[in-house]
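Shown here: upload.pdb, PDB, C-alpha atoms.
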```pdb
ATOM      1  CA  MET A 268      27.398  -3.829 -21.220  1.00  0.00           C
ATOM      2  CA  ASP A 269      27.563  -2.477 -24.753  1.00  0.00           C
ATOM      3  CA  ARG A 270      24.240  -0.678 -24.287  1.00  0.00           C
ATOM      4  CA  PRO A 271      22.528   0.973 -21.307  1.00  0.00           C
ATOM      5  CA  VAL A 272      21.075  -1.400 -18.723  1.00  0.00           C
ATOM      6  CA  ARG A 273      17.302  -1.246 -19.087  1.00  0.00           C
ATOM      7  CA  VAL A 274      15.911  -0.999 -15.569  1.00  0.00           C
ATOM      8  CA  LEU A 275      12.266  -1.333 -14.603  1.00  0.00           C
ATOM      9  CA  LEU A 276      11.683  -0.038 -11.085  1.00  0.00           C
ATOM     10  CA  ASP A 277       8.382  -1.280  -9.691  1.00  0.00           C
ATOM     11  CA  VAL A 278       5.885   1.164  -8.182  1.00  0.00           C
ATOM     12  CA  ASN A 279       6.883   0.147  -4.641  1.00  0.00           C
ATOM     13  CA  VAL A 280      10.443   1.340  -5.324  1.00  0.00           C
ATOM     14  CA  PHE A 281       9.239   4.826  -6.276  1.00  0.00           C
ATOM     15  CA  VAL A 282       6.938   4.917  -3.243  1.00  0.00           C
ATOM     16  CA  GLY A 283       9.817   3.838  -0.994  1.00  0.00           C
ATOM     17  CA  ASN A 284      12.010   6.569  -2.459  1.00  0.00           C
ATOM     18  CA  ILE A 285       9.639   9.469  -1.790  1.00  0.00           C
ATOM     19  CA  MET A 286       8.697   8.189   1.668  1.00  0.00           C
ATOM     20  CA  ALA A 287      12.352   7.752   2.661  1.00  0.00           C
ATOM     21  CA  ARG A 288      13.024  11.332   1.589  1.00  0.00           C
ATOM     22  CA  ASP A 289      10.122  12.619   3.680  1.00  0.00           C
ATOM     23  CA  ARG A 290      11.354  10.699   6.711  1.00  0.00           C
ATOM     24  CA  GLY A 291      14.800  12.254   6.406  1.00  0.00           C
ATOM     25  CA  HIS A 292      16.552   9.045   5.378  1.00  0.00           C
ATOM     26  CA  LYS A 293      19.558   9.106   3.083  1.00  0.00           C
ATOM     27  CA  GLY A 294      21.206   6.419   1.018  1.00  0.00           C
ATOM     28  CA  THR A 295      18.472   3.793   1.245  1.00  0.00           C
ATOM     29  CA  ALA A 296      18.326   1.133  -1.470  1.00  0.00           C
ATOM     30  CA  THR A 297      15.270   2.686  -3.096  1.00  0.00           C
ATOM     31  CA  GLN A 298      16.760   6.187  -2.990  1.00  0.00           C
ATOM     32  CA  THR A 299      20.019   4.985  -4.522  1.00  0.00           C
ATOM     33  CA  LEU A 300      18.297   3.083  -7.318  1.00  0.00           C
ATOM     34  CA  VAL A 301      16.083   6.030  -8.265  1.00  0.00           C
ATOM     35  CA  SER A 302      19.104   8.340  -8.115  1.00  0.00           C
ATOM     36  CA  MET A 303      21.081   6.084 -10.454  1.00  0.00           C
ATOM     37  CA  VAL A 304      18.414   5.886 -13.140  1.00  0.00           C
ATOM     38  CA  SER A 305      17.873   9.644 -12.768  1.00  0.00           C
ATOM     39  CA  SER A 306      21.544  10.250 -13.525  1.00  0.00           C
ATOM     40  CA  GLN A 307      21.492   7.559 -16.241  1.00  0.00           C
ATOM     41  CA  LYS A 308      24.263   5.633 -14.473  1.00  0.00           C
ATOM     42  CA  TRP A 309      24.241   1.993 -13.421  1.00  0.00           C
ATOM     43  CA  GLY A 310      27.110   1.166 -11.127  1.00  0.00           C
ATOM     44  CA  ILE A 311      30.483   2.556 -12.166  1.00  0.00           C
ATOM     45  CA  ASP A 312      30.719   1.921 -15.881  1.00  0.00           C
ATOM     46  CA  ASP A 313      27.267   1.302 -17.345  1.00  0.00           C
ATOM     47  CA  GLY A 314      24.523   3.642 -18.439  1.00  0.00           C
ATOM     48  CA  ALA A 315      20.938   3.216 -17.262  1.00  0.00           C
ATOM     49  CA  GLN A 316      17.662   3.525 -19.139  1.00  0.00           C
ATOM     50  CA  LEU A 317      14.520   3.642 -17.017  1.00  0.00           C
ATOM     51  CA  VAL A 318      11.541   1.580 -18.145  1.00  0.00           C
ATOM     52  CA  ILE A 319       8.026   2.391 -16.966  1.00  0.00           C
ATOM     53  CA  SER A 320       4.535   2.417 -18.477  1.00  0.00           C
ATOM     54  CA  PHE A 321       1.771   4.963 -18.082  1.00  0.00           C
ATOM     55  CA  GLU A 322      -0.319   2.276 -16.414  1.00  0.00           C
ATOM     56  CA  MET A 323       2.377   2.055 -13.737  1.00  0.00           C
ATOM     57  CA  ILE A 324       2.445   5.854 -13.458  1.00  0.00           C
ATOM     58  CA  GLU A 325      -1.313   5.831 -12.856  1.00  0.00           C
ATOM     59  CA  THR A 326      -0.905   3.159 -10.183  1.00  0.00           C
ATOM     60  CA  LEU A 327       1.819   5.223  -8.512  1.00  0.00           C
ATOM     61  CA  GLU A 328      -0.413   8.300  -8.488  1.00  0.00           C
ATOM     62  CA  THR A 329      -3.241   6.283  -6.924  1.00  0.00           C
ATOM     63  CA  VAL A 330      -0.947   4.974  -4.178  1.00  0.00           C
ATOM     64  CA  LEU A 331       0.437   8.441  -3.430  1.00  0.00           C
ATOM     65  CA  ARG A 332      -3.084   9.882  -3.185  1.00  0.00           C
ATOM     66  CA  ARG A 333      -3.947   7.120  -0.732  1.00  0.00           C
ATOM     67  CA  LEU A 334      -0.879   8.178   1.275  1.00  0.00           C
ATOM     68  CA  GLN A 335      -2.232  11.758   1.242  1.00  0.00           C
ATOM     69  CA  PHE A 336       0.441  13.411  -0.864  1.00  0.00           C
ATOM     70  CA  THR A 337      -0.728  16.666  -2.444  1.00  0.00           C
ATOM     71  CA  GLU A 338      -1.822  16.606  -6.076  1.00  0.00           C
ATOM     72  CA  ASP A 339       0.849  19.135  -7.070  1.00  0.00           C
ATOM     73  CA  ARG A 340       3.594  17.011  -5.555  1.00  0.00           C
ATOM     74  CA  ILE A 341       2.247  13.831  -7.123  1.00  0.00           C
ATOM     75  CA  LYS A 342       2.211  15.391 -10.590  1.00  0.00           C
ATOM     76  CA  ALA A 343       5.693  16.852 -10.136  1.00  0.00           C
ATOM     77  CA  TYR A 344       7.068  13.487  -9.005  1.00  0.00           C
ATOM     78  CA  THR A 345       5.465  11.390 -11.731  1.00  0.00           C
ATOM     79  CA  GLY A 346       6.303  14.028 -14.329  1.00  0.00           C
ATOM     80  CA  SER A 347       9.970  13.814 -13.398  1.00  0.00           C
ATOM     81  CA  ILE A 348       9.842  10.009 -13.700  1.00  0.00           C
ATOM     82  CA  ILE A 349       8.368  10.263 -17.206  1.00  0.00           C
ATOM     83  CA  ASP A 350      11.132  12.721 -18.173  1.00  0.00           C
ATOM     84  CA  ILE A 351      13.816  10.339 -16.857  1.00  0.00           C
ATOM     85  CA  MET A 352      12.551   7.673 -19.234  1.00  0.00           C
ATOM     86  CA  LYS A 353      11.949   9.921 -22.252  1.00  0.00           C
ATOM     87  CA  TYR A 354      15.315  11.668 -22.000  1.00  0.00           C
ATOM     88  CA  GLY A 355      17.324   8.575 -21.125  1.00  0.00           C
ATOM     89  CA  PRO A 356      20.062   7.233 -23.426  1.00  0.00           C
ATOM     90  CA  ASP A 357      17.560   5.132 -25.419  1.00  0.00           C
ATOM     91  CA  SER A 358      14.848   7.839 -25.421  1.00  0.00           C
ATOM     92  CA  LEU A 359      12.059   5.378 -24.630  1.00  0.00           C
ATOM     93  CA  ASP A 360       8.484   6.611 -24.658  1.00  0.00           C
ATOM     94  CA  PRO A 361       6.172   5.566 -21.800  1.00  0.00           C
ATOM     95  CA  TYR A 362       3.334   5.526 -24.348  1.00  0.00           C
ATOM     96  CA  LEU A 363       4.544   2.098 -25.454  1.00  0.00           C
ATOM     97  CA  ILE A 364       1.772  -0.067 -26.808  1.00  0.00           C
ATOM     98  CA  LEU A 365       2.231  -3.122 -24.668  1.00  0.00           C
ATOM     99  CA  GLY A 366       0.218  -6.233 -24.120  1.00  0.00           C
ATOM    100  CA  GLY A 367       0.524  -9.844 -23.277  1.00  0.00           C
ATOM    101  CA  GLN A 368      -0.151  -9.783 -19.546  1.00  0.00           C
ATOM    102  CA  GLU A 369      -2.759 -12.464 -20.141  1.00  0.00           C
ATOM    103  CA  ARG A 370       0.052 -14.928 -20.867  1.00  0.00           C
ATOM    104  CA  PHE A 371       1.215 -14.792 -17.231  1.00  0.00           C
ATOM    105  CA  ALA A 372      -0.629 -16.909 -14.683  1.00  0.00           C
ATOM    106  CA  MET A 373      -0.576 -14.213 -12.003  1.00  0.00           C
ATOM    107  CA  SER A 374      -3.283 -13.384  -9.487  1.00  0.00           C
ATOM    108  CA  ASP A 375      -2.591  -9.641  -9.659  1.00  0.00           C
ATOM    109  CA  VAL A 376      -3.438  -8.009 -12.995  1.00  0.00           C
ATOM    110  CA  GLU A 377      -1.256  -4.975 -12.212  1.00  0.00           C
ATOM    111  CA  ASP A 378       1.800  -7.171 -11.568  1.00  0.00           C
ATOM    112  CA  ALA A 379       1.114  -9.032 -14.822  1.00  0.00           C
ATOM    113  CA  GLY A 380       1.071  -5.649 -16.557  1.00  0.00           C
ATOM    114  CA  VAL A 381       4.411  -4.722 -14.983  1.00  0.00           C
ATOM    115  CA  LEU A 382       5.933  -7.961 -16.233  1.00  0.00           C
ATOM    116  CA  ALA A 383       4.487  -7.347 -19.700  1.00  0.00           C
ATOM    117  CA  THR A 384       6.017  -3.857 -19.659  1.00  0.00           C
ATOM    118  CA  ALA A 385       9.425  -5.331 -18.827  1.00  0.00           C
ATOM    119  CA  PHE A 386       9.182  -7.741 -21.759  1.00  0.00           C
ATOM    120  CA  GLY A 387       7.796  -5.152 -24.166  1.00  0.00           C
ATOM    121  CA  ALA A 388      10.660  -2.740 -23.438  1.00  0.00           C
ATOM    122  CA  GLU A 389      13.315  -5.501 -23.370  1.00  0.00           C
ATOM    123  CA  ALA A 390      14.287  -4.708 -19.777  1.00  0.00           C
ATOM    124  CA  ASP A 391      17.286  -6.475 -18.256  1.00  0.00           C
ATOM    125  CA  ILE A 392      16.284  -6.127 -14.594  1.00  0.00           C
ATOM    126  CA  LEU A 393      12.970  -5.617 -12.807  1.00  0.00           C
ATOM    127  CA  VAL A 394      13.474  -4.362  -9.251  1.00  0.00           C
ATOM    128  CA  THR A 395      10.652  -4.949  -6.777  1.00  0.00           C
ATOM    129  CA  ASP A 396       9.951  -5.578  -3.114  1.00  0.00           C
ATOM    130  CA  ASN A 397       6.998  -7.680  -4.224  1.00  0.00           C
ATOM    131  CA  LEU A 398       8.881 -10.798  -5.327  1.00  0.00           C
ATOM    132  CA  MET A 399       6.300 -13.410  -4.362  1.00  0.00           C
ATOM    133  CA  ASP A 400       3.685 -12.108  -6.787  1.00  0.00           C
ATOM    134  CA  PHE A 401       6.130 -12.214  -9.707  1.00  0.00           C
ATOM    135  CA  ALA A 402       6.979 -15.899  -9.313  1.00  0.00           C
ATOM    136  CA  THR A 403       5.141 -18.033 -11.878  1.00  0.00           C
ATOM    137  CA  LYS A 404       5.720 -21.460 -13.388  1.00  0.00           C
ATOM    138  CA  ASP A 405       7.655 -19.792 -16.219  1.00  0.00           C
ATOM    139  CA  ALA A 406      10.363 -18.393 -13.923  1.00  0.00           C
ATOM    140  CA  SER A 407      13.619 -19.967 -12.769  1.00  0.00           C
ATOM    141  CA  VAL A 408      14.289 -19.236  -9.083  1.00  0.00           C
ATOM    142  CA  VAL A 409      17.395 -18.988  -6.905  1.00  0.00           C
ATOM    143  CA  ASP A 410      17.535 -18.013  -3.205  1.00  0.00           C
ATOM    144  CA  THR A 411      19.915 -15.113  -2.609  1.00  0.00           C
ATOM    145  CA  GLN A 412      20.085 -13.990   1.014  1.00  0.00           C
ATOM    146  CA  VAL A 413      18.261 -13.898   4.338  1.00  0.00           C
ATOM    147  CA  VAL A 414      17.454 -10.417   5.620  1.00  0.00           C
ATOM    148  CA  THR A 415      15.699  -8.987   8.663  1.00  0.00           C
ATOM    149  CA  THR A 416      13.812  -5.709   8.433  1.00  0.00           C
ATOM    150  CA  THR A 417      11.547  -3.878  10.850  1.00  0.00           C
ATOM    151  CA  SER A 418       8.679  -3.877   8.351  1.00  0.00           C
ATOM    152  CA  SER A 419       8.656  -7.526   7.287  1.00  0.00           C
ATOM    153  CA  GLY A 420      10.809  -9.359   9.837  1.00  0.00           C
ATOM    154  CA  ARG A 421      13.071 -12.190   8.741  1.00  0.00           C
ATOM    155  CA  ARG A 422      12.710 -13.310   5.137  1.00  0.00           C
ATOM    156  CA  THR A 423      14.603 -15.163   2.444  1.00  0.00           C
ATOM    157  CA  LEU A 424      15.087 -13.158  -0.727  1.00  0.00           C
ATOM    158  CA  ARG A 425      15.205 -14.787  -4.115  1.00  0.00           C
ATOM    159  CA  ALA A 426      15.864 -13.805  -7.700  1.00  0.00           C
ATOM    160  CA  LEU A 427      13.779 -14.883 -10.679  1.00  0.00           C
ATOM    161  CA  ARG A 428      14.731 -15.287 -14.317  1.00  0.00           C
ATOM    162  CA  TYR A 429      12.333 -15.230 -17.249  1.00  0.00           C
ATOM    163  CA  GLU A 430      13.480 -16.448 -20.658  1.00  0.00           C
ATOM    164  CA  ILE A 431      10.564 -16.212 -23.068  1.00  0.00           C
ATOM    165  CA  GLY A 432      11.268 -15.867 -26.765  1.00  0.00           C
ATOM    166  CA  ARG A 433      13.857 -13.140 -27.199  1.00  0.00           C
ATOM    167  CA  ALA A 434      13.196 -11.747 -23.732  1.00  0.00           C
ATOM    168  CA  ASP A 435      15.633 -12.404 -20.885  1.00  0.00           C
ATOM    169  CA  LEU A 436      14.770 -10.731 -17.589  1.00  0.00           C
ATOM    170  CA  ILE A 437      15.968 -10.918 -13.986  1.00  0.00           C
ATOM    171  CA  VAL A 438      13.493  -9.971 -11.221  1.00  0.00           C
ATOM    172  CA  ALA A 439      15.131  -9.087  -7.904  1.00  0.00           C
ATOM    173  CA  HIS A 440      14.770  -7.247  -4.595  1.00  0.00           C
ATOM    174  CA  PRO A 441      16.411  -3.810  -4.145  1.00  0.00           C
ATOM    175  CA  PHE A 442      18.749  -5.223  -1.449  1.00  0.00           C
ATOM    176  CA  ASP A 443      20.089  -7.848  -3.860  1.00  0.00           C
ATOM    177  CA  VAL A 444      20.467  -5.377  -6.714  1.00  0.00           C
ATOM    178  CA  MET A 445      22.449  -3.001  -4.498  1.00  0.00           C
ATOM    179  CA  GLN A 446      24.720  -5.854  -3.415  1.00  0.00           C
ATOM    180  CA  TRP A 447      25.335  -6.940  -7.010  1.00  0.00           C
ATOM    181  CA  LEU A 448      26.194  -3.359  -7.948  1.00  0.00           C
ATOM    182  CA  ARG A 449      28.698  -3.170  -5.082  1.00  0.00           C
ATOM    183  CA  LEU A 450      30.243  -6.433  -6.281  1.00  0.00           C
ATOM    184  CA  GLY A 451      30.563  -5.026  -9.797  1.00  0.00           C
ATOM    185  CA  TYR A 452      28.425  -7.705 -11.447  1.00  0.00           C
ATOM    186  CA  ASP A 453      27.625  -7.536 -15.151  1.00  0.00           C
ATOM    187  CA  PHE A 454      23.856  -6.999 -15.497  1.00  0.00           C
ATOM    188  CA  ARG A 455      23.433  -8.865 -18.772  1.00  0.00           C
ATOM    189  CA  PRO A 456      20.776 -11.310 -17.586  1.00  0.00           C
ATOM    190  CA  GLY A 457      22.597 -14.502 -18.561  1.00  0.00           C
ATOM    191  CA  THR A 458      25.890 -13.346 -17.072  1.00  0.00           C
ATOM    192  CA  LEU A 459      24.222 -12.019 -13.921  1.00  0.00           C
ATOM    193  CA  TRP A 460      22.257 -15.237 -13.421  1.00  0.00           C
ATOM    194  CA  ASN A 461      25.434 -17.313 -13.635  1.00  0.00           C
ATOM    195  CA  ALA A 462      27.177 -15.031 -11.124  1.00  0.00           C
ATOM    196  CA  ILE A 463      24.467 -15.160  -8.470  1.00  0.00           C
ATOM    197  CA  GLN A 464      24.232 -18.951  -8.662  1.00  0.00           C
ATOM    198  CA  ARG A 465      27.921 -19.571  -7.997  1.00  0.00           C
ATOM    199  CA  PRO A 466      28.560 -21.159  -4.574  1.00  0.00           C
ATOM    200  CA  GLY A 467      29.946 -18.716  -2.041  1.00  0.00           C
ATOM    201  CA  ASN A 468      28.451 -15.675  -3.769  1.00  0.00           C
ATOM    202  CA  GLU A 469      25.401 -15.461  -1.565  1.00  0.00           C
ATOM    203  CA  PRO A 470      25.479 -11.881  -0.236  1.00  0.00           C
ATOM    204  CA  GLY A 471      24.638 -11.155   3.368  1.00  0.00           C
ATOM    205  CA  LEU A 472      23.621  -7.997   5.151  1.00  0.00           C
TER
END
```
Please re-express this file's structure in structure tokens.
Amino acid sequence: MDRPVRVLLDVNVFVGNIMARDRGHKGTATQTLVSMVSSQKWGIDDGAQLVISFEMIETLETVLRRLQFTEDRIKAYTGSIIDIMKYGPDSLDPYLILGGQERFAMSDVEDAGVLATAFGAEADILVTDNLMDFATKDASVVDTQVVTTTSSGRRTLRALRYEIGRADLIVAHPFDVMQWLRLGYDFRPGTLWNAIQRPGNEPGL
């Protein structure tokens, strides 16, 4: 791409990253994605700009408190996330004045806010393990792969595309995003959407 890929990592990705670290795991999808946006790299050739809102930061802090992380560690972790965004290649400020979540017919207000953040910051990709709650009547959908995990069993993953006004956004699971990075896909939403719909390109784990 001719500009950094704007990446919104959902709260569950950041939670998965810190929990994987505490469990001694290395190289998980969530860890790799957080590491890439931290280093401002997306795949081999592209830069990465993290997108997140302070509402999402507050949600992350609430979840981490529920998981009994210490307050000092929570503040250090969320502070580092804010710095990743502010000192990224596009120098985005998490204090973005965003709105519009009311336009999305979603049962979860927080998820609607995440989607509004993605649109407000002109994100290219929203990465989440919570795909079902992001599917609305405004999204195009394509099945991607069938995976089996210990936490959720066998499930079919899918990718979503939102084209609303000037916004063009792909919503996808971390497993799919990692596969597309390994395949060297272009993350411009239109180009990426065409690539993942081509017959024979369904990734498998």
For the contact check between region 297-407 of chain A and region 422-425 of chain A, emit one row per residue of region 297-407 of chain A within 12 Å, containing the shortest atom pair and the distance in Å rounded to one decimal, counting only C-alpha atoms, chain then rising number order, as a tab-separated table.
```
residue	atom	partner	partner_atom	distance
A:Val394	CA	A:Arg425	CA	11.7
A:Thr395	CA	A:Leu424	CA	11.1
A:Asp396	CA	A:Leu424	CA	9.5
A:Asn397	CA	A:Leu424	CA	10.4
A:Leu398	CA	A:Arg425	CA	7.6
A:Met399	CA	A:Arg425	CA	9.0
A:Phe401	CA	A:Arg425	CA	11.0
A:Ala402	CA	A:Arg425	CA	9.8
A:Ala406	CA	A:Arg425	CA	11.5
A:Ser407	CA	A:Arg425	CA	10.2
```
### Residue IDs satisfying the PyMOL selection byres ((chain A and resi 387-391) around 9), as a ChimeraX atom specification
/A:272-275,316-319,359,363-367,382-386,392-393,433-438,454-456
### Task
Could you tell me which of A:Val408, A:Ile311, A:Met286, A:Ala379 comes closest to Trp447 (chain A) if we count all atoms listed in the file?
A:Ile311
For region 276-300 of chain A against region 323-337 of chain A, with a cut-off of 12 Å and counting only C-alpha atoms, what is the closest atom pair and its distance in Å to one decimal for every residue that makes the cut, ordered by chain and number, as JSON lines?
```
{"residue": "A:Leu276", "atom": "CA", "partner": "A:Met323", "partner_atom": "CA", "distance": 9.9}
{"residue": "A:Asp277", "atom": "CA", "partner": "A:Met323", "partner_atom": "CA", "distance": 8.0}
{"residue": "A:Val278", "atom": "CA", "partner": "A:Leu327", "partner_atom": "CA", "distance": 5.8}
{"residue": "A:Asn279", "atom": "CA", "partner": "A:Leu327", "partner_atom": "CA", "distance": 8.1}
{"residue": "A:Val280", "atom": "CA", "partner": "A:Leu327", "partner_atom": "CA", "distance": 10.0}
{"residue": "A:Phe281", "atom": "CA", "partner": "A:Leu327", "partner_atom": "CA", "distance": 7.8}
{"residue": "A:Val282", "atom": "CA", "partner": "A:Leu327", "partner_atom": "CA", "distance": 7.4}
{"residue": "A:Gly283", "atom": "CA", "partner": "A:Leu331", "partner_atom": "CA", "distance": 10.7}
{"residue": "A:Asn284", "atom": "CA", "partner": "A:Leu331", "partner_atom": "CA", "distance": 11.8}
{"residue": "A:Ile285", "atom": "CA", "partner": "A:Leu331", "partner_atom": "CA", "distance": 9.4}
{"residue": "A:Met286", "atom": "CA", "partner": "A:Leu334", "partner_atom": "CA", "distance": 9.6}
{"residue": "A:Asp289", "atom": "CA", "partner": "A:Phe336", "partner_atom": "CA", "distance": 10.7}
```
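Closest to Val304 (chain A) among A:Tyr344, A:Phe442, A:Tyr354, A:Phe321 is A:Tyr354, based on all atoms listed in the file.
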Could the centre and edge lengths of an axis-aligned box, enclosing all atoms of region 298-315 of chain A in the file with 5 Å extra on each side, be given in Å to one decimal as JSON?
```
{"center_x": 23.4, "center_y": 5.7, "center_z": -10.7, "size_x": 24.6, "size_y": 19.1, "size_z": 25.4}
```
### Task
Return as a VMD selection string the set of residues that the PyMOL selection byres ((chain A and resi 312) around 10) yields on the displayed structure.
chain A and resid 268 271 308 to 311 313 to 315 451 453
#### Entry: Separation of CA of Met303 (chain A) from CA of Gly346 (chain A) in Å
17.2 Å
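Separating CA of Val444 (chain A) from CA of Thr297 (chain A) is a distance of 10.3 Å.
Coordinates place CA of Asp378 (chain A) at a distance of 23.5 Å from CA of Ser302 (chain A).
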